[in-house]
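For reference, entry-v8.txt is printed below; it contains compact mmCIF, C-alpha atoms.
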```txt
# COMPACT_ATOMS: atom_id res chain seq x y z
CA MET A 19 0.00 0.00 0.00
CA ALA A 20 1.32 3.46 -0.85
CA GLN A 21 2.11 5.58 2.17
CA ALA A 22 -0.45 8.27 2.88
CA SER A 23 0.96 11.71 3.61
CA ILE A 24 -0.20 13.85 6.49
CA GLY A 25 -3.25 15.71 5.23
CA ASP A 26 -4.27 13.02 2.73
CA SER A 27 -5.00 10.10 5.05
CA GLU A 28 -8.31 8.83 6.33
CA PHE A 29 -7.35 10.03 9.82
CA ASP A 30 -6.93 13.59 8.57
CA ARG A 31 -10.18 13.53 6.63
CA ASP A 32 -12.12 12.08 9.56
CA THR A 33 -10.69 14.54 12.10
CA ALA A 34 -11.25 17.58 9.87
CA VAL A 35 -13.15 20.53 11.33
CA THR A 36 -14.76 23.52 9.62
CA ARG A 37 -14.78 26.92 11.29
CA ARG A 38 -18.36 28.18 11.42
CA GLU A 39 -17.47 31.37 13.26
CA GLU A 40 -14.78 32.45 15.70
CA GLY A 41 -14.41 29.72 18.33
CA VAL A 42 -17.07 27.43 16.81
CA TYR A 43 -16.28 24.45 14.58
CA ASP A 44 -18.36 21.82 12.83
CA ALA A 45 -17.22 18.21 12.57
CA GLU A 46 -18.55 14.91 11.26
CA LEU A 47 -17.69 12.01 13.59
CA SER A 48 -16.91 9.02 11.42
CA ALA A 49 -18.30 5.54 12.07
CA GLY A 50 -14.90 4.26 10.96
CA TRP A 51 -13.41 4.87 14.41
CA THR A 52 -15.96 2.98 16.52
CA ILE A 53 -15.60 0.13 19.01
CA ILE A 54 -18.81 -1.75 19.86
CA GLN A 55 -20.67 1.16 18.18
CA ALA A 56 -19.03 3.71 20.52
CA VAL A 57 -16.75 6.35 18.98
CA ASN A 58 -13.16 5.86 20.20
CA GLY A 59 -12.11 8.37 22.85
CA GLY A 60 -8.66 9.00 21.38
CA TYR A 61 -10.14 9.76 17.97
CA LEU A 62 -12.58 12.21 19.58
CA LEU A 63 -9.69 13.87 21.40
CA ALA A 64 -7.87 14.34 18.08
CA VAL A 65 -10.94 16.00 16.54
CA ILE A 66 -11.22 18.47 19.42
CA ALA A 67 -7.47 19.04 19.46
CA ARG A 68 -7.54 19.96 15.76
CA ALA A 69 -10.13 22.65 16.49
CA LEU A 70 -8.09 23.97 19.42
CA GLY A 71 -4.96 24.05 17.28
CA ASP A 72 -6.76 26.38 14.89
CA ALA A 73 -8.34 28.52 17.60
CA LEU A 74 -5.29 29.05 19.83
CA PRO A 75 -2.14 31.12 19.12
CA HIS A 76 -0.05 27.90 19.21
CA SER A 77 -0.76 24.79 17.15
CA ASP A 78 0.88 21.84 18.97
CA PRO A 79 -0.86 20.09 21.89
CA PHE A 80 1.39 19.78 24.96
CA SER A 81 -1.11 18.69 27.61
CA VAL A 82 -4.72 17.72 26.92
CA SER A 83 -7.14 16.70 29.69
CA ALA A 84 -10.57 15.44 28.70
CA HIS A 85 -13.65 14.47 30.71
CA TYR A 86 -16.04 12.23 28.79
CA VAL A 87 -19.50 13.39 29.84
CA THR A 88 -21.78 11.30 27.62
CA ALA A 89 -21.17 8.69 24.91
CA SER A 90 -20.57 10.11 21.43
CA ARG A 91 -22.06 8.60 18.31
CA PRO A 92 -21.15 8.88 14.62
CA GLY A 93 -22.63 11.93 12.94
CA PRO A 94 -22.56 15.73 13.12
CA ALA A 95 -20.94 17.49 16.06
CA VAL A 96 -20.09 21.05 17.02
CA ILE A 97 -17.00 22.10 18.98
CA ARG A 98 -17.00 25.33 20.97
CA THR A 99 -13.57 26.64 21.94
CA GLN A 100 -12.39 29.40 24.24
CA LEU A 101 -8.97 30.97 24.75
CA VAL A 102 -8.21 30.97 28.48
CA ARG A 103 -4.77 32.55 28.22
CA GLY A 104 -2.36 33.24 25.39
CA GLY A 105 1.30 33.44 26.40
CA ARG A 106 4.61 33.67 24.57
CA THR A 107 5.47 29.97 24.86
CA LEU A 108 2.19 28.40 25.97
CA SER A 109 -1.48 28.99 25.23
CA THR A 110 -4.27 27.52 27.33
CA GLY A 111 -7.71 26.86 25.94
CA GLN A 112 -10.84 24.91 26.66
CA ALA A 113 -13.31 23.21 24.35
CA SER A 114 -16.48 21.16 24.48
CA LEU A 115 -17.88 18.83 21.86
CA PHE A 116 -21.66 18.74 21.48
CA GLN A 117 -24.08 16.63 19.49
CA TYR A 118 -27.77 17.13 18.91
CA ALA A 119 -30.49 15.18 20.69
CA GLU A 120 -33.66 14.12 18.87
CA ASP A 121 -35.41 17.29 20.05
CA GLY A 122 -32.64 19.45 18.57
CA THR A 123 -31.00 20.44 21.85
CA GLU A 124 -27.23 20.27 22.23
CA VAL A 125 -25.83 17.51 24.46
CA GLU A 126 -22.27 17.89 25.73
CA ARG A 127 -20.13 14.83 25.03
CA ILE A 128 -16.61 15.86 26.08
CA ARG A 129 -15.04 18.81 27.89
CA VAL A 130 -11.33 19.54 27.38
CA LEU A 131 -8.75 21.82 28.99
CA ALA A 132 -5.47 21.99 27.09
CA SER A 133 -2.11 23.74 26.85
CA TYR A 134 -0.56 24.28 23.42
CA GLY A 135 2.89 25.41 22.30
CA ASP A 136 5.55 24.87 19.63
CA LEU A 137 7.19 21.44 19.83
CA ASP A 138 9.94 22.52 17.45
CA ALA A 139 11.02 25.26 19.89
CA LEU A 140 11.66 22.88 22.81
CA PRO A 141 15.24 22.54 24.10
CA ASP A 142 17.25 19.42 23.22
CA ASP A 143 18.15 18.53 26.83
CA VAL A 144 16.63 15.13 27.71
CA ARG A 145 17.10 13.42 31.09
CA THR A 146 14.98 10.34 31.67
CA THR A 147 15.25 7.00 33.39
CA ALA A 148 12.37 5.62 31.33
CA LYS A 149 13.22 2.85 28.87
CA PRO A 150 11.40 1.82 25.69
CA PRO A 151 9.24 -1.28 26.10
CA VAL A 152 10.80 -4.55 24.99
CA ILE A 153 8.53 -5.93 22.27
CA PRO A 154 9.29 -8.75 19.81
CA PRO A 155 9.75 -7.80 16.15
CA ILE A 156 6.53 -6.82 14.38
CA GLU A 157 6.43 -10.07 12.41
CA HIS A 158 6.37 -12.03 15.68
CA CYS A 159 3.47 -10.05 17.17
CA LEU A 160 -0.27 -10.65 16.77
CA GLY A 161 -2.68 -8.57 14.73
CA SER A 162 -6.46 -8.42 14.96
CA SER A 163 -6.80 -10.92 12.11
CA GLY A 164 -3.64 -12.95 12.55
CA GLY A 165 -3.95 -13.87 16.21
CA PRO A 166 -5.51 -16.95 17.73
CA ALA A 167 -8.79 -15.11 18.37
CA PRO A 168 -10.29 -11.78 17.29
CA ILE A 169 -10.15 -8.87 19.70
CA PRO A 170 -13.40 -9.00 21.72
CA GLY A 171 -15.80 -6.31 20.61
CA SER A 172 -13.47 -5.07 17.91
CA SER A 173 -15.12 -3.28 15.04
CA ALA A 174 -14.48 -0.61 12.43
CA ILE A 175 -11.45 1.00 14.07
CA THR A 176 -9.32 -2.13 13.72
CA ASP A 177 -9.37 -1.78 9.93
CA ARG A 178 -7.73 1.64 10.25
CA LEU A 179 -4.88 0.62 12.54
CA MET A 180 -1.63 -1.26 12.18
CA LEU A 181 -1.74 -2.93 15.58
CA LYS A 182 0.61 -5.80 16.44
CA ILE A 183 0.32 -6.98 20.04
CA ASP A 184 3.14 -8.52 22.05
CA PRO A 185 2.17 -12.21 22.51
CA ALA A 186 3.22 -11.93 26.18
CA THR A 187 0.30 -9.54 26.73
CA CYS A 188 -2.19 -11.41 24.56
CA GLY A 189 -3.12 -14.33 26.81
CA TRP A 190 -6.70 -13.06 26.99
CA ALA A 191 -7.11 -13.91 23.29
CA VAL A 192 -6.76 -17.64 24.07
CA GLY A 193 -8.59 -17.59 27.40
CA ALA A 194 -5.40 -17.42 29.49
CA PRO A 195 -4.97 -13.82 30.71
CA SER A 196 -1.75 -13.16 32.64
CA GLY A 197 -3.46 -11.18 35.42
CA LYS A 198 -0.74 -8.50 35.12
CA GLY A 199 -2.81 -5.72 33.53
CA GLU A 200 -0.25 -4.97 30.83
CA MET A 201 -0.60 -4.34 27.09
CA ARG A 202 2.28 -3.74 24.66
CA ALA A 203 2.12 -3.31 20.91
CA TRP A 204 3.57 -1.87 17.75
CA PHE A 205 1.24 0.83 16.46
CA GLY A 206 0.61 2.82 13.32
CA LEU A 207 -2.16 3.86 10.97
CA ALA A 208 -3.10 1.22 8.41
CA ASP A 209 -2.64 3.56 5.43
CA GLY A 210 0.97 4.21 6.42
CA ARG A 211 0.53 7.81 7.55
CA ASP A 212 3.37 8.76 9.89
CA ALA A 213 2.55 9.81 13.43
CA ASP A 214 2.25 13.46 14.44
CA PRO A 215 1.13 15.21 17.65
CA LEU A 216 -2.58 14.85 16.79
CA SER A 217 -2.39 11.14 15.98
CA LEU A 218 -0.56 10.54 19.28
CA LEU A 219 -3.82 11.50 21.01
CA LEU A 220 -5.42 8.54 19.23
CA THR A 221 -2.48 6.24 19.94
CA VAL A 222 -2.73 6.39 23.74
CA ASP A 223 -6.33 5.10 23.60
CA ALA A 224 -6.21 2.64 20.70
CA LEU A 225 -4.92 -0.61 22.23
CA PRO A 226 -7.21 -3.27 23.71
CA PRO A 227 -7.98 -2.50 27.38
CA THR A 228 -5.54 -3.78 29.99
CA ALA A 229 -8.64 -5.17 31.74
CA PHE A 230 -8.52 -8.03 29.22
CA GLU A 231 -5.22 -9.24 30.70
CA LEU A 232 -6.81 -8.95 34.15
CA GLY A 233 -9.35 -11.52 32.99
CA ILE A 234 -12.20 -9.03 32.58
CA LYS A 235 -13.96 -8.61 29.23
CA GLY A 236 -16.36 -5.95 28.05
CA TRP A 237 -16.50 -2.27 27.25
CA VAL A 238 -14.17 -0.06 29.34
CA PRO A 239 -15.62 3.48 29.01
CA THR A 240 -13.22 6.36 29.63
CA VAL A 241 -14.09 8.79 32.42
CA GLU A 242 -11.04 11.06 32.13
CA LEU A 243 -7.95 11.02 29.91
CA THR A 244 -4.90 13.27 30.23
CA THR A 245 -2.22 13.11 27.53
CA HIS A 246 1.19 14.79 27.45
CA VAL A 247 2.84 15.14 24.04
CA ARG A 248 6.59 15.38 24.66
CA CYS A 249 8.05 15.78 21.17
CA ARG A 250 7.27 15.41 17.49
CA PRO A 251 7.61 11.69 16.62
CA ALA A 252 10.10 10.39 14.07
CA PRO A 253 8.74 8.51 11.04
CA GLY A 254 8.09 4.82 11.50
CA PRO A 255 6.03 2.56 13.75
CA LEU A 256 5.45 3.45 17.38
CA ARG A 257 5.80 1.22 20.43
CA VAL A 258 3.07 1.54 23.04
CA SER A 259 3.10 0.22 26.59
CA ILE A 260 0.04 0.45 28.86
CA VAL A 261 -0.12 -0.69 32.48
CA THR A 262 -2.87 -0.88 35.10
CA ARG A 263 -1.62 -1.08 38.68
CA ASN A 264 -4.87 -0.57 40.53
CA LEU A 265 -8.44 -1.70 39.96
CA ALA A 266 -10.67 -0.75 42.87
CA GLY A 267 -14.18 0.50 43.49
CA GLY A 268 -15.20 -0.31 39.93
CA PHE A 269 -12.55 1.94 38.34
CA LEU A 270 -9.11 1.31 36.88
CA GLU A 271 -6.29 3.50 35.64
CA GLU A 272 -4.25 2.98 32.49
CA ASP A 273 -0.79 4.56 32.28
CA ALA A 274 0.52 4.69 28.71
CA GLU A 275 3.92 5.46 27.19
CA VAL A 276 4.48 5.93 23.46
CA TRP A 277 7.97 5.59 21.96
CA ASP A 278 9.03 6.43 18.42
CA SER A 279 11.51 4.77 16.05
CA ALA A 280 14.32 6.97 17.44
CA ASP A 281 13.79 5.54 20.96
CA ARG A 282 12.28 8.79 22.24
CA LEU A 283 9.37 8.98 24.66
CA VAL A 284 6.97 11.03 22.53
CA ALA A 285 3.76 10.83 24.58
CA GLN A 286 2.47 9.77 28.00
CA SER A 287 -1.04 9.47 29.33
CA ARG A 288 -3.13 8.47 32.32
CA GLN A 289 -6.72 7.36 31.91
CA LEU A 290 -9.41 6.67 34.48
CA ALA A 291 -11.98 4.19 33.21
CA LEU A 292 -14.94 2.20 34.42
CA ALA A 293 -14.10 -1.46 34.87
CA PRO A 294 -16.37 -3.90 33.05
CA ARG A 295 -18.74 -5.83 35.28
CA GLY A 296 -17.61 -9.23 34.25
```

Kindly return the structure encoded in the file as structure tokens.
Amino acid sequence: MAQASIGDSEFDRDTAVTRREEGVYDAELSAGWTIIQAVNGGYLLAVIARALGDALPHSDPFSVSAHYVTASRPGPAVIRTQLVRGGRTLSTGQASLFQYAEDGTEVERIRVLASYGDLDALPDDVRTTAKPPVIPPIEHCLGSSGGPAPIPGSSAITDRLMLKIDPATCGWAVGAPSGKGEMRAWFGLADGRDADPLSLLLTVDALPPTAFELGIKGWVPTVELTTHVRCRPAPGPLRVSIVTRNLAGGFLEEDAEVWDSADRLVAQSRQLALAPRG
């Protein structure tokens, strides 16, 4: 398959927004990014982030925190943005995504608070003890169609992803979950589009839930998701590691790290989600 360039890929088309007036954007949420008929939370975050990147003085997301108020569905949506503060190196804004109920009233789906800047202006100094996840070569990992069993509840979004899961975190697919709450995978977009700051917002929420490796199956709806974009990713596939260390009171957290082909930590996230009742 020929590699899609940024701007020409399905991801770019499906996250496109149209400015209706200052601070107000129209979007069409695509059914191509659904899981069990629910629109993926990372995809929704990318749609909102695209609107904020147009509305704010800076274009690159640095920190994006989203509260998922009600479940989104494919179809028309409107995003209302507001500049909270515009600084020299950072701009802070907020946005909400709305859809229309049957009676024509607007229903809020997601509310976001975000800081934006210029990733290309960041200093080169890097000091980290974090290490890239150890994942077998792509050809030794399992895809949604090549594994021993399909991903439970998988649907349209899997056709748009290059997702190869580490067999060590895929015991759930054969009825033998490890109980460790870990998920590791190679990740990219199926059309070959290279990663950028917006697609990283999808990446942190695109793997199967760690709850599967805890032996729990079912939908894991996001309550809150905060993502930090640390630098612009190099071309090539990404490596994603997600860990859950605590499931209690019906909620679990998922801590994600995303590494690029240059062994740089390009994004981090923490998500609070409802644990399936199973």

### Query
Which residue, A:Cys249, A:Leu243, A:Ala69, A:Cys188, has the smallest gap to Leu290 of chain A when you use only C-alpha atoms?
A:Leu243

### Message
Quick one: residues within 7 Å of Ala208 of chain A, all atoms listed in the file, excluding same-chain residues fewer than 4 positions away - as JSON, numbers by chain?
### Response
{"A": [178, 179, 180]}

Go ahead and save the picked residues with C-alpha atoms, as a PDB file, in the coordinates of the input.
```
ATOM      1  CA  ARG A 178      -7.730   1.640  10.250  1.00  0.00           C
ATOM      2  CA  LEU A 179      -4.880   0.620  12.540  1.00  0.00           C
ATOM      3  CA  MET A 180      -1.630  -1.260  12.180  1.00  0.00           C
TER       4      MET A 180
END
```

### Query
What lies within 9 Å of Asp177 of chain A using all atoms listed in the file, ignoring chain neighbours under 4 positions off, as a list in words?
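Once the adjacent positions are removed, what remains is Gly50, Trp51, Ser162, Ser173 and Ala208 of chain A.
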
### Contacts of segment 87-91 of chain A at 8 Å (only C-alpha atoms; same-chain gap of 2+ positions) as a ChimeraX atom specification
/A:47,49,55-57,85,93,117,126-129,241

### Query
In Å, how far is it from atom CA of His76 of chain A to atom CA of Gly105 of chain A?
9.2 Å

### Message
I need the residue nearest Val130 of chain A from this list: A:Glu242, A:Asp273, A:Asp281, A:Asp26. Use all atoms listed in the file for the distance.
### Response
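The answer is A:Glu242, which sits nearest to Val130 of chain A.
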
### Task
Fewer than 4 positions away in the same chain doesn't count, so skip those; otherwise give me all residues within 9 Å of Pro155 of chain A, counting all atoms listed in the file, as a list in words.
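With the cut-off at 9 Å, the set is Cys159, Asp184 and Trp204 of chain A.
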
### Query
What gap, in Å, lies between atom CA of Ser217 of chain A and atom CA of Ala119 of chain A?
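For atom CA of Ser217 of chain A relative to atom CA of Ala119 of chain A, the distance reads 28.8 Å.
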
#### Entry: Asp212 of chain A surroundings by only C-alpha atoms, 7 Å radius, close-in-sequence under 2 positions cut, as an MDAnalysis selection string
chainID A and resid 210 214 253:254

Please build the interface table for segment 27-98 of chain A against segment 131-139 of chain A with a cut-off of 10 Å, listing for each qualifying residue the nearest atom pair and the distance in Å to one decimal; count all atoms listed in the file, order rows by chain and increasing number, and write it as JSON lines.
```
{"residue": "A:Ala67", "atom": "CA", "partner": "A:Ala132", "partner_atom": "CA", "distance": 8.4}
{"residue": "A:Leu70", "atom": "CA", "partner": "A:Ala132", "partner_atom": "CA", "distance": 8.3}
{"residue": "A:Gly71", "atom": "CA", "partner": "A:Tyr134", "partner_atom": "CA", "distance": 7.6}
{"residue": "A:Leu74", "atom": "CA", "partner": "A:Tyr134", "partner_atom": "CA", "distance": 7.6}
{"residue": "A:Pro75", "atom": "CA", "partner": "A:Tyr134", "partner_atom": "CA", "distance": 8.2}
{"residue": "A:His76", "atom": "CA", "partner": "A:Gly135", "partner_atom": "CA", "distance": 4.9}
{"residue": "A:Ser77", "atom": "CA", "partner": "A:Tyr134", "partner_atom": "CA", "distance": 6.3}
{"residue": "A:Asp78", "atom": "CA", "partner": "A:Tyr134", "partner_atom": "CA", "distance": 5.3}
{"residue": "A:Pro79", "atom": "CA", "partner": "A:Tyr134", "partner_atom": "CA", "distance": 4.5}
{"residue": "A:Phe80", "atom": "CA", "partner": "A:Tyr134", "partner_atom": "CA", "distance": 5.1}
{"residue": "A:Ser81", "atom": "CA", "partner": "A:Ser133", "partner_atom": "CA", "distance": 5.2}
{"residue": "A:Val82", "atom": "CA", "partner": "A:Ala132", "partner_atom": "CA", "distance": 4.3}
{"residue": "A:Ser83", "atom": "CA", "partner": "A:Leu131", "partner_atom": "CA", "distance": 5.4}
{"residue": "A:Ala84", "atom": "CA", "partner": "A:Leu131", "partner_atom": "CA", "distance": 6.6}
{"residue": "A:His85", "atom": "CA", "partner": "A:Leu131", "partner_atom": "CA", "distance": 9.0}
```

### Query
What does the distance from atom CA of Thr33 of chain A to atom CA of Leu219 of chain A come to in Å, to one decimal?
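Straight-line distance from atom CA of Thr33 of chain A to atom CA of Leu219 of chain A works out to 11.7 Å.
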
### Message
Could you check the closest approach to Ser279 of chain A for each of A:Pro294, A:Gly236, A:Gly111, A:Pro151 and tell me which residue wins, using all atoms listed in the file?
### Response
A:Pro151

### Query
So, counting only C-alpha atoms, which residue among A:Asp223, A:Asp142, A:Asp278, A:Glu272 is closest to Pro255 of chain A?
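Between A:Asp223, A:Asp142, A:Asp278, A:Glu272, the residue approaching Pro255 of chain A most closely is A:Asp278.
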
### Query
Taking into account all atoms listed in the file, which residue in the set A:Ile97, A:Arg248, A:Ser287, A:Phe29 is nearest to Asp209 of chain A?
A:Phe29

### Test item: which residues lie within 10 Å of (-13.1, 28.1, 20.8) counting all atoms listed in the file, as a PyMOL selection string
chain A and resi 37+39-43+66+69-74+97-102+111-114

The selected residues should be written to file as a PDB file, in the coordinates of the input (atoms: C-alpha atoms).
```pdb
ATOM      1  CA  ARG A  37     -14.780  26.920  11.290  1.00  0.00           C
ATOM      2  CA  GLU A  39     -17.470  31.370  13.260  1.00  0.00           C
ATOM      3  CA  GLU A  40     -14.780  32.450  15.700  1.00  0.00           C
ATOM      4  CA  GLY A  41     -14.410  29.720  18.330  1.00  0.00           C
ATOM      5  CA  VAL A  42     -17.070  27.430  16.810  1.00  0.00           C
ATOM      6  CA  TYR A  43     -16.280  24.450  14.580  1.00  0.00           C
ATOM      7  CA  ILE A  66     -11.220  18.470  19.420  1.00  0.00           C
ATOM      8  CA  ALA A  69     -10.130  22.650  16.490  1.00  0.00           C
ATOM      9  CA  LEU A  70      -8.090  23.970  19.420  1.00  0.00           C
ATOM     10  CA  GLY A  71      -4.960  24.050  17.280  1.00  0.00           C
ATOM     11  CA  ASP A  72      -6.760  26.380  14.890  1.00  0.00           C
ATOM     12  CA  ALA A  73      -8.340  28.520  17.600  1.00  0.00           C
ATOM     13  CA  LEU A  74      -5.290  29.050  19.830  1.00  0.00           C
ATOM     14  CA  ILE A  97     -17.000  22.100  18.980  1.00  0.00           C
ATOM     15  CA  ARG A  98     -17.000  25.330  20.970  1.00  0.00           C
ATOM     16  CA  THR A  99     -13.570  26.640  21.940  1.00  0.00           C
ATOM     17  CA  GLN A 100     -12.390  29.400  24.240  1.00  0.00           C
ATOM     18  CA  LEU A 101      -8.970  30.970  24.750  1.00  0.00           C
ATOM     19  CA  VAL A 102      -8.210  30.970  28.480  1.00  0.00           C
ATOM     20  CA  GLY A 111      -7.710  26.860  25.940  1.00  0.00           C
ATOM     21  CA  GLN A 112     -10.840  24.910  26.660  1.00  0.00           C
ATOM     22  CA  ALA A 113     -13.310  23.210  24.350  1.00  0.00           C
ATOM     23  CA  SER A 114     -16.480  21.160  24.480  1.00  0.00           C
TER      24      SER A 114
END
```

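Every polymer residue reaching to within 9 Å of (-4.1, -2.7, 26.8), counting all atoms listed in the file, appears in this list: Thr187, Gly199, Glu200, Met201, Arg202, Ala203, Asp223, Ala224, Leu225, Pro226, Pro227, Thr228, Ala229, Phe230, Glu231, Ser259, Ile260, Val261, Thr262, Glu272 and Ala274 of chain A.
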
### Task
Determine the nearest neighbour of Ile183 of chain A from the options A:Ala45, A:Ala291, A:Ala280, A:Val258, counting only C-alpha atoms.
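Among the listed residues, A:Val258 lies closest to Ile183 of chain A.
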